[in-house]
Amino acid sequence: MSTVVAQSLHVFGLRPHVSNNVFFFDEQIIIFPSGNHCVKYNVDQKWQKFIPGSDKSQGMLALAISPNRRYLAISETVQDKPVITIYELSAIPCRKRKILNNFDFPVQKFICIAFSPDSKYLLTQTSPPESNLVYWLWEKQKVMAIVRIDTQNNAVYQVSFNPQDNTQICITGNGMFKLLRFAEGTLKQTNFQRGEPQNYLAHTWVSDDKIVAGTDTGRLFLFESGDQRWETSIVVKEPTSETKNLGMIQESESLIEFPAVSSPVPSYEQVMMTSSRSQLSLPQVFAIAAYSKGFACSAGPGRVLLFEKMEDKEFYRESREIRIPVDPQSNDPSQSDKQDVLCMCFSPSEETLIASTSKNQLYSITMSLTEISKGEPAHFEYLMYPLHSASITGLDTCIRKPLIATCSVDRSVRIWNYESNSLELFKEYQEEAYTISLHPSGHYIVVGFADKLRIMNLLIDDIRSFKEYSVRGCKECSFSNGGHLFAAVNGNVIHIFSTTSLENISNLKGHTGKIRSVAWNTDDSKLISCGTDGAVYEWSLSTGKRETECVLKSCSYNCVTISPDGKIIFAVGSDQTLKEIADSSVIREMSAFDVIYTAIVISHSGRMMFVGTSVGTIRAMKYPLPLQKEFNEYQAHAGPVTKMSLTFDDQFLLSVAEDGCLFTWKVFDKDGRGIKREREVGFAEEVLVTKTDMEEKAQVMLELKTRVEELKMENEYQLRLKDMNYSEKIKELTDKFLQEMESLKTKNQVLKTEKEKQDVLHRERMDDLLDKQSRELQDLECCNNQKLLLEYEKYQELQLKSQRMQEEYEKQLRDNDETKSQALEELTEFYEAKLQEKTTLLEEAQEDVRQQLREFEETKKQIEEDEDREIQDIKTKYEKKLRDEKEANLRLKGETGIMRKKFSSLQKEIEERTNDIELLKGEQVKLQGVIKSLEKDIMGLKREIQERDETIQDKEKRIYDLKKKNQELEKFKFVLDYKIKELKKQIEPRENEIKVMKEQIQEMEAELERFHKQNTQLELNIIELWQKLRATDQEMRRERQKERDLEALVKRFKTDLHNCVAYIQEPRQLKEKVRALFEKYVQRADMVEIAGLNSDLQQEYARQREHLERNLATLKKKVVKEGELHRTDYVRIMQENVSLIKEINELRRELKFTRSQVYDLEAALKLTKKIQPEVSETVSSEDLPSVPPTMRLNVQEETGRIIEMQRLEIQRLRDQIQEQEQVPGFHPLAGVQLPSLSVEADSKAQTK
């Protein structure tokens, strides 16, 4: 790699055609694209840091910053392939985090990108015709979902995430507004577009489910969950006279903004092209940005409107208007503010609004100013300084000042300061500026405009022309190193002018093509030029002639420079090489490696060389040039580099390009050999001021001084008057205050006496209340004591009752025990008696006794258990009652204490309730007003309901009438159906007639076809005759043309021969001229004859071939057409033939059957051949029931006659088929053969 290094310091310019091209990194730093970089710009400290684009990048299309401000995504095209690069902004310097360049879906470029709220997902939109929306998990380079948004190649302008939801997405474009949700690996649309489709240019999220969208017709829509809730149209307003007459716009020192979702930059040219056809006067909403109070939107050229949310409704109203100010330095101030705002964003604190425009300008405004300027529109300020809005065509620097001069096709000339990184002077003109040169002193410039060449003074606050030359379309000019001369190019001529006398001292002519570049040597004795004709000339200014020249017509040169020692010329051009030229020859060529060098510059030390390429990169190499590919290449511009320049001290490199950006580079050699020079004299601080300006300013200063003295005197007089007035007012106020103090003292005494009276009354009331309270307490104590005594007596009674009940239960238990014992004794006696009586049955009843004993034991046990359980329940019941009474007694004792506390709290509550009653009365009054308003609303709603009921009744009546009409129509339909049936019955005989007529028509069509065939044959003959006639006409025209050419040739030969006669006295020249005539005319005539003969043969051959092809095509069409006609006729004849054969076969069977019947009858009756007709008729009618009813008296004669007719018909059909088979192109469908007529002949002979 080369030891020459270039480091980017500052850039002046904004890159156009980038979606979302400005936003905030933090409160002080904004990010915007410039050239092939993204720039981090600190608004307070004015420094810049660069985020370089990808190598071999062909264009930056879209930007997006993550909500957490950690990542920046850039969509680019690298070597005709789309690439998305994610940078980590928190790293210093910024580094690439991920590169998305492998796609398994078709894509040309990504036009919109957006980060999710948590910055984990990335949304990308491809360009038509694919129009794919891709949902990325970008950390893992994984496609989560992909969906095609549009199939009609409509443009998509913006995509965005819901600021609170990763899964909800909004897309707007031409005729589309779609909400999608990511679920289960797919993106599904959740809304349905209703109404007429709009061209939505921008949108923003104002809440979790609300979106504001703007169209190209100036309409704003509010959508909630995909449904339209609100709509408004932006009204075009003309700026006021005060706005038009604003002064010079100062540079803004305020911060810039950023929104959660910033507005995109659609394809501005495409939108303007489509809108210019329809709505020229309607404002277009290119950008919308949301903030806490509402949102801001662009509203046509030079306007931004602020909308705030209404308190009582979910809608928005216009609150403020912000305008781009009129630029007094513009050639047309009335049009300088007519630029569309393409992108906007708010700062994190929402203190600043920043905007980028269609003319590549950045504006800002402090939001507090919009609050101050109520009624009148607020105005933007330049964020940094006015920038170039088109390709920069000229660049130069000077020696005595740190100035850079640039000109552009945007018709402006700008003077920059590369030390302070600021804009010194700026002015626009009516013509385009092609080239500029800055005098070494920094006080003058030469600018080549489309109409004239102008020399201008750089004044303290203006650029003023003082000499004009009628040099139109000057594309190159340059001051000499000493500044005493300057060169200007006009086409292929170089004009040399004197800076002191301002006269044209020389014109250098020699180039045959346009001159692209000129360069002076160190001592200004020579001038080097190059042009599109491939020539590099070295001119001597003392003689005005060429000293050396090097011409290479295959190369169109772009730029030329010369080494400091003046010995070697360096030139670059379209052949992708860097050439070293010395002594009129190319001594060395260095390849550019597949790019075209467009600019070249060499340092004053002769050790560093820099070249600009057609792809916008800068290459730094050391001199002497290396043999191999040893250079440092830097990403710089987004278009071809147009000009490059080095400062006089070789410290800074300057480059401009077609992207409208100016870059300053810090350059140094790592070897450090004599590169850095210390300036002996600092930069000059002098400025030019005209005498008239100084006199005017001096006059203004004198007027201002006199005005100040007058104002001082007037102020002193006014101060004295005010002192007198104020002293009088003070006396009046003191008297007034003394009187008020006396009155207040008397009021204070009165209030004191009233206070003492109130204290006495209060003490009396307190004593009364205390007595009353003590009495009430005594009464409560007496009452409670009595209640306690009563409760205690109740308790004693209950206790006695419990004792009595316990004694009763104990007595019942003793009685039960006695009864059980008695019963047991009785049972034992009973069973003993039984035992004695039934001793004999003891063995038999032993089992029964045991069973009964077991039952008895069980019964006994159950009875005992039941009794024990009852005793226990009674015991627990009364114990519970006893505990309840004790608890009630204790509770009553506690309630007495609580009642004492409640008494004191009730008094406080009484006071609070009185206050509450007063408040409730006030609220009651308010509520009554609300009730009245609601009653009015109810009445209005009732009236609306009544009106709607009436409309419903009208519609019901309409429905009833329609039902009646429907019934009538059904009846009418029934009648019509009946008529149709009747008409069909009448149509049937007509159909038979139609069939007969159709048969006649077919016969007529056959005859017509024959006529058509004859006509086509005649037409073909006519066409052939016409072609022959055209061929003869063409041949005649060629012969006439040949005759005219020969006449012209003879005339030219005569003139050349006449010219040769002039050299009759000079034999040598005469011989050369005659030889030239021989070579010119003899060989050319032969060639003309041969070429004419060949062309005639070819034309005749082509004509014959074309004629034969047309005949062949017509014959083919004729054969195909006749084949189709014969095929249909053949099919019809075959069908008729088959039906006739069937009828013949049936007749044969009938004839055979009659013959067998006749023979049987003759054999039975033994009759002769002279049989009577009546007998045969009776026999046939009685014994032959299957004979058809068409037979007559003489059956044999009739049968023979029918057979003869069928045979003749068949013979005719066969003849017709044979005729058609002989027709060319006709092929029968199948080889069907008719049966022979031998059987018919035999049957006829037998019948005879």
# chains A, B, ... in the order shown; residues from 1 in each chain; ligands from 1
>>> residues_around(residues="Phe466 in chain A", least_positions_apart="6", cutoff="10 Å", atoms="only C-alpha atoms", output="MDAnalysis selection string")
chainID A and resid 454:457
>>> write_last_selection(atoms="C-alpha atoms", output="mmCIF file, in the first residue's frame")
data_model
loop_
_atom_site.group_PDB
_atom_site.id
_atom_site.type_symbol
_atom_site.label_atom_id
_atom_site.label_comp_id
_atom_site.auth_asym_id
_atom_site.auth_seq_id
_atom_site.Cartn_x
_atom_site.Cartn_y
_atom_site.Cartn_z
ATOM 1 C CA ARG A 454 -17.269 37.409 -15.658
ATOM 2 C CA ILE A 455 -14.535 38.691 -13.334
ATOM 3 C CA MET A 456 -15.912 39.400 -9.858
ATOM 4 C CA ASN A 457 -14.752 41.013 -6.639
#
>>> residues_around(residues="Glu424 in chain A", least_positions_apart="2", cutoff="10 Å", atoms="only C-alpha atoms", output="CSV table (one decimal) with N, CA, C and O atoms, in the first residue's frame")
chain,number,residue,atom,x,y,z
A,385,TYR,N,-25.6,25.9,6.8
A,385,TYR,CA,-25.4,26.9,5.8
A,385,TYR,C,-26.1,26.4,4.5
A,385,TYR,O,-26.4,25.3,4.4
A,403,LEU,N,-9.6,29.9,1.6
A,403,LEU,CA,-10.9,29.9,0.9
A,403,LEU,C,-11.0,28.9,-0.1
A,403,LEU,O,-10.0,28.5,-0.8
A,404,ILE,N,-12.2,28.4,-0.4
A,404,ILE,CA,-12.5,27.5,-1.5
A,404,ILE,C,-13.7,28.1,-2.3
A,404,ILE,O,-14.7,28.5,-1.7
A,405,ALA,N,-13.5,28.1,-3.6
A,405,ALA,CA,-14.5,28.7,-4.5
A,405,ALA,C,-15.1,27.5,-5.3
A,405,ALA,O,-14.4,26.7,-5.8
A,414,ARG,N,-20.3,29.9,-4.6
A,414,ARG,CA,-20.2,29.8,-3.1
A,414,ARG,C,-18.7,29.9,-2.7
A,414,ARG,O,-17.9,29.3,-3.4
A,415,ILE,N,-18.4,30.6,-1.7
A,415,ILE,CA,-17.1,30.8,-1.2
A,415,ILE,C,-17.1,30.2,0.2
A,415,ILE,O,-17.8,30.6,1.1
A,416,TRP,N,-16.2,29.1,0.4
A,416,TRP,CA,-16.2,28.4,1.7
A,416,TRP,C,-14.9,28.7,2.4
A,416,TRP,O,-13.9,29.0,1.8
A,417,ASN,N,-14.9,28.5,3.7
A,417,ASN,CA,-13.7,28.6,4.5
A,417,ASN,C,-13.4,27.3,5.1
A,417,ASN,O,-14.1,26.7,5.9
A,420,SER,N,-12.5,27.4,9.3
A,420,SER,CA,-13.7,27.4,10.2
A,420,SER,C,-14.8,26.5,9.7
A,420,SER,O,-15.8,26.4,10.4
A,421,ASN,N,-14.7,25.9,8.5
A,421,ASN,CA,-15.7,25.0,8.0
A,421,ASN,C,-17.1,25.7,7.9
A,421,ASN,O,-18.1,25.3,8.5
A,422,SER,N,-17.0,26.9,7.3
A,422,SER,CA,-18.2,27.7,7.2
A,422,SER,C,-18.3,28.3,5.8
A,422,SER,O,-17.4,28.1,4.9
A,426,PHE,N,-22.2,33.7,-0.7
A,426,PHE,CA,-23.1,32.8,-1.5
A,426,PHE,C,-24.0,33.7,-2.4
A,426,PHE,O,-24.5,34.7,-1.9
A,458,LEU,N,-14.7,39.8,-4.6
A,458,LEU,CA,-15.2,39.2,-3.4
A,458,LEU,C,-15.2,40.2,-2.3
A,458,LEU,O,-14.2,40.5,-1.6
A,460,ILE,N,-17.0,42.1,1.2
A,460,ILE,CA,-17.2,41.7,2.6
A,460,ILE,C,-18.5,40.9,2.7
A,460,ILE,O,-18.6,40.0,3.5
A,461,ASP,N,-19.5,41.3,1.9
A,461,ASP,CA,-20.8,40.7,2.1
A,461,ASP,C,-21.5,40.5,0.7
A,461,ASP,O,-22.7,40.3,0.6
A,462,ASP,N,-20.7,40.5,-0.4
A,462,ASP,CA,-21.3,40.4,-1.7
A,462,ASP,C,-20.3,39.9,-2.7
A,462,ASP,O,-19.1,40.0,-2.5
>>> closest_residue(among="A:Ala155, A:Asn1137, A:Gln758, A:Ala62", to="Gln1216 in chain A", atoms="only C-alpha atoms")
A:Asn1137
>>> residues_around(residues="range 292-304 of chain A", least_positions_apart="5", cutoff="9 Å", atoms="only C-alpha atoms", output="count of residues only")
34
>>> closest_residue(among="A:Asn481, A:Gln651, A:Thr598, A:Ser585", to="Val4 in chain A", atoms="only C-alpha atoms")
A:Gln651
>>> atom_distance(atom1="CA of Gly616 in chain A", atom2="CA of Cys398 in chain A")
24.4 Å
>>> residues_around(residues="Leu892 in chain A", least_positions_apart="4", cutoff="12 Å", atoms="only C-alpha atoms", output="number ranges by chain")
A: 783-792, 885-888, 896-899
>>> write_last_selection(atoms="C-alpha atoms", output="PDB file, in the first residue's frame")
ATOM      1  CA  CYS A 783     -79.490   3.223  81.036  1.00  0.00           C
ATOM      2  CA  ASN A 784     -76.589   0.891  80.540  1.00  0.00           C
ATOM      3  CA  ASN A 785     -76.531  -0.067  84.236  1.00  0.00           C
ATOM      4  CA  GLN A 786     -80.224  -0.898  84.101  1.00  0.00           C
ATOM      5  CA  LYS A 787     -79.656  -2.940  80.963  1.00  0.00           C
ATOM      6  CA  LEU A 788     -76.802  -4.735  82.672  1.00  0.00           C
ATOM      7  CA  LEU A 789     -78.989  -5.525  85.698  1.00  0.00           C
ATOM      8  CA  LEU A 790     -81.711  -6.847  83.428  1.00  0.00           C
ATOM      9  CA  GLU A 791     -79.240  -8.958  81.542  1.00  0.00           C
ATOM     10  CA  TYR A 792     -77.750 -10.275  84.787  1.00  0.00           C
ATOM     11  CA  GLU A 885     -75.099 -15.399  77.243  1.00  0.00           C
ATOM     12  CA  LYS A 886     -71.697 -14.720  78.754  1.00  0.00           C
ATOM     13  CA  GLU A 887     -70.419 -13.361  75.448  1.00  0.00           C
ATOM     14  CA  ALA A 888     -73.503 -11.182  75.033  1.00  0.00           C
ATOM     15  CA  THR A 896     -71.283   0.986  76.289  1.00  0.00           C
ATOM     16  CA  GLY A 897     -67.696   2.184  75.780  1.00  0.00           C
ATOM     17  CA  ILE A 898     -68.179   2.307  72.017  1.00  0.00           C
ATOM     18  CA  MET A 899     -71.340   4.374  72.427  1.00  0.00           C
TER      19      MET A 899
END
>>> atom_distance(atom1="CA of Asp650 in chain A", atom2="CA of Asp575 in chain A")
28.8 Å
>>> residues_around(residues="Ile436 in chain A", least_positions_apart="2", cutoff="10 Å", atoms="only C-alpha atoms", output="list of chain:residue names")
A:Thr393, A:Gly394, A:Leu395, A:Asp396, A:Thr397, A:Ala405, A:Thr406, A:Cys407, A:Ser408, A:Val413, A:Ala433, A:Tyr434, A:Leu438, A:Ile445, A:Val446, A:Val447, A:Gly448, A:Phe449, A:Leu453, A:Arg454, A:Ile455, A:Cys474, A:Lys475, A:Glu476, A:Cys477, A:Ser478, A:Phe479, A:Ala488
>>> closest_residue(among="A:Lys932, A:Arg15, A:Arg1038, A:Lys313", to="Gln361 in chain A", atoms="only C-alpha atoms")
A:Arg15
>>> closest_residue(among="A:Lys46, A:Cys530, A:Gly442, A:Glu807", to="Lys875 in chain A", atoms="only C-alpha atoms")
A:Glu807
>>> residues_around(residues="Thr85 in chain A", least_positions_apart="4", cutoff="12 Å", atoms="only C-alpha atoms", output="VMD selection string")
chain A and resid 51 to 55 57 60 to 65 71 to 78 95 to 102 110 113 122 138 to 139 141
>>> select_by_dssp(residues="range 473-589 of chain A", states="strand (DSSP E or B)", output="PyMOL selection string")
chain A and resi 477-479+485-490+493-498+504-509+515-520+526-531+535-540+545-551+557-562+569-573+577-582+585-589
>>> closest_atom_pairs(of="range 994-1053 of chain A", to="range 1096-1102 of chain A", cutoff="10 Å", atoms="only C-alpha atoms", output="CSV")
residue,atom,partner,partner_atom,distance
A:Ala1031,CA,A:Glu1100,CA,8.4
A:Gln1034,CA,A:Gln1099,CA,10.0
A:Glu1035,CA,A:Asp1096,CA,8.5
A:Arg1038,CA,A:Asp1096,CA,9.0
>>> select_by_dssp(residues="range 604-754 of chain A", states="helix (DSSP H, G or I)", output="JSON, numbers by chain")
{"A": [691, 692, 693, 694, 695, 696, 697, 698, 699, 700, 701, 702, 703, 704, 705, 706, 707, 708, 709, 710, 711, 712, 713, 714, 715, 716, 717, 718, 719, 720, 721, 722, 723, 724, 725, 726, 727, 728, 729, 730, 731, 732, 733, 734, 735, 736, 737, 738, 739, 740, 741, 742, 743, 744, 745, 746, 747, 748, 749, 750, 751, 752, 753, 754]}
>>> atom_distance(atom1="CA of Glu776 in chain A", atom2="CA of Phe903 in chain A")
9.5 Å
>>> closest_residue(among="A:Asp451, A:Phe631, A:Phe486, A:Lys697", to="Val471 in chain A", atoms="only C-alpha atoms")
A:Asp451
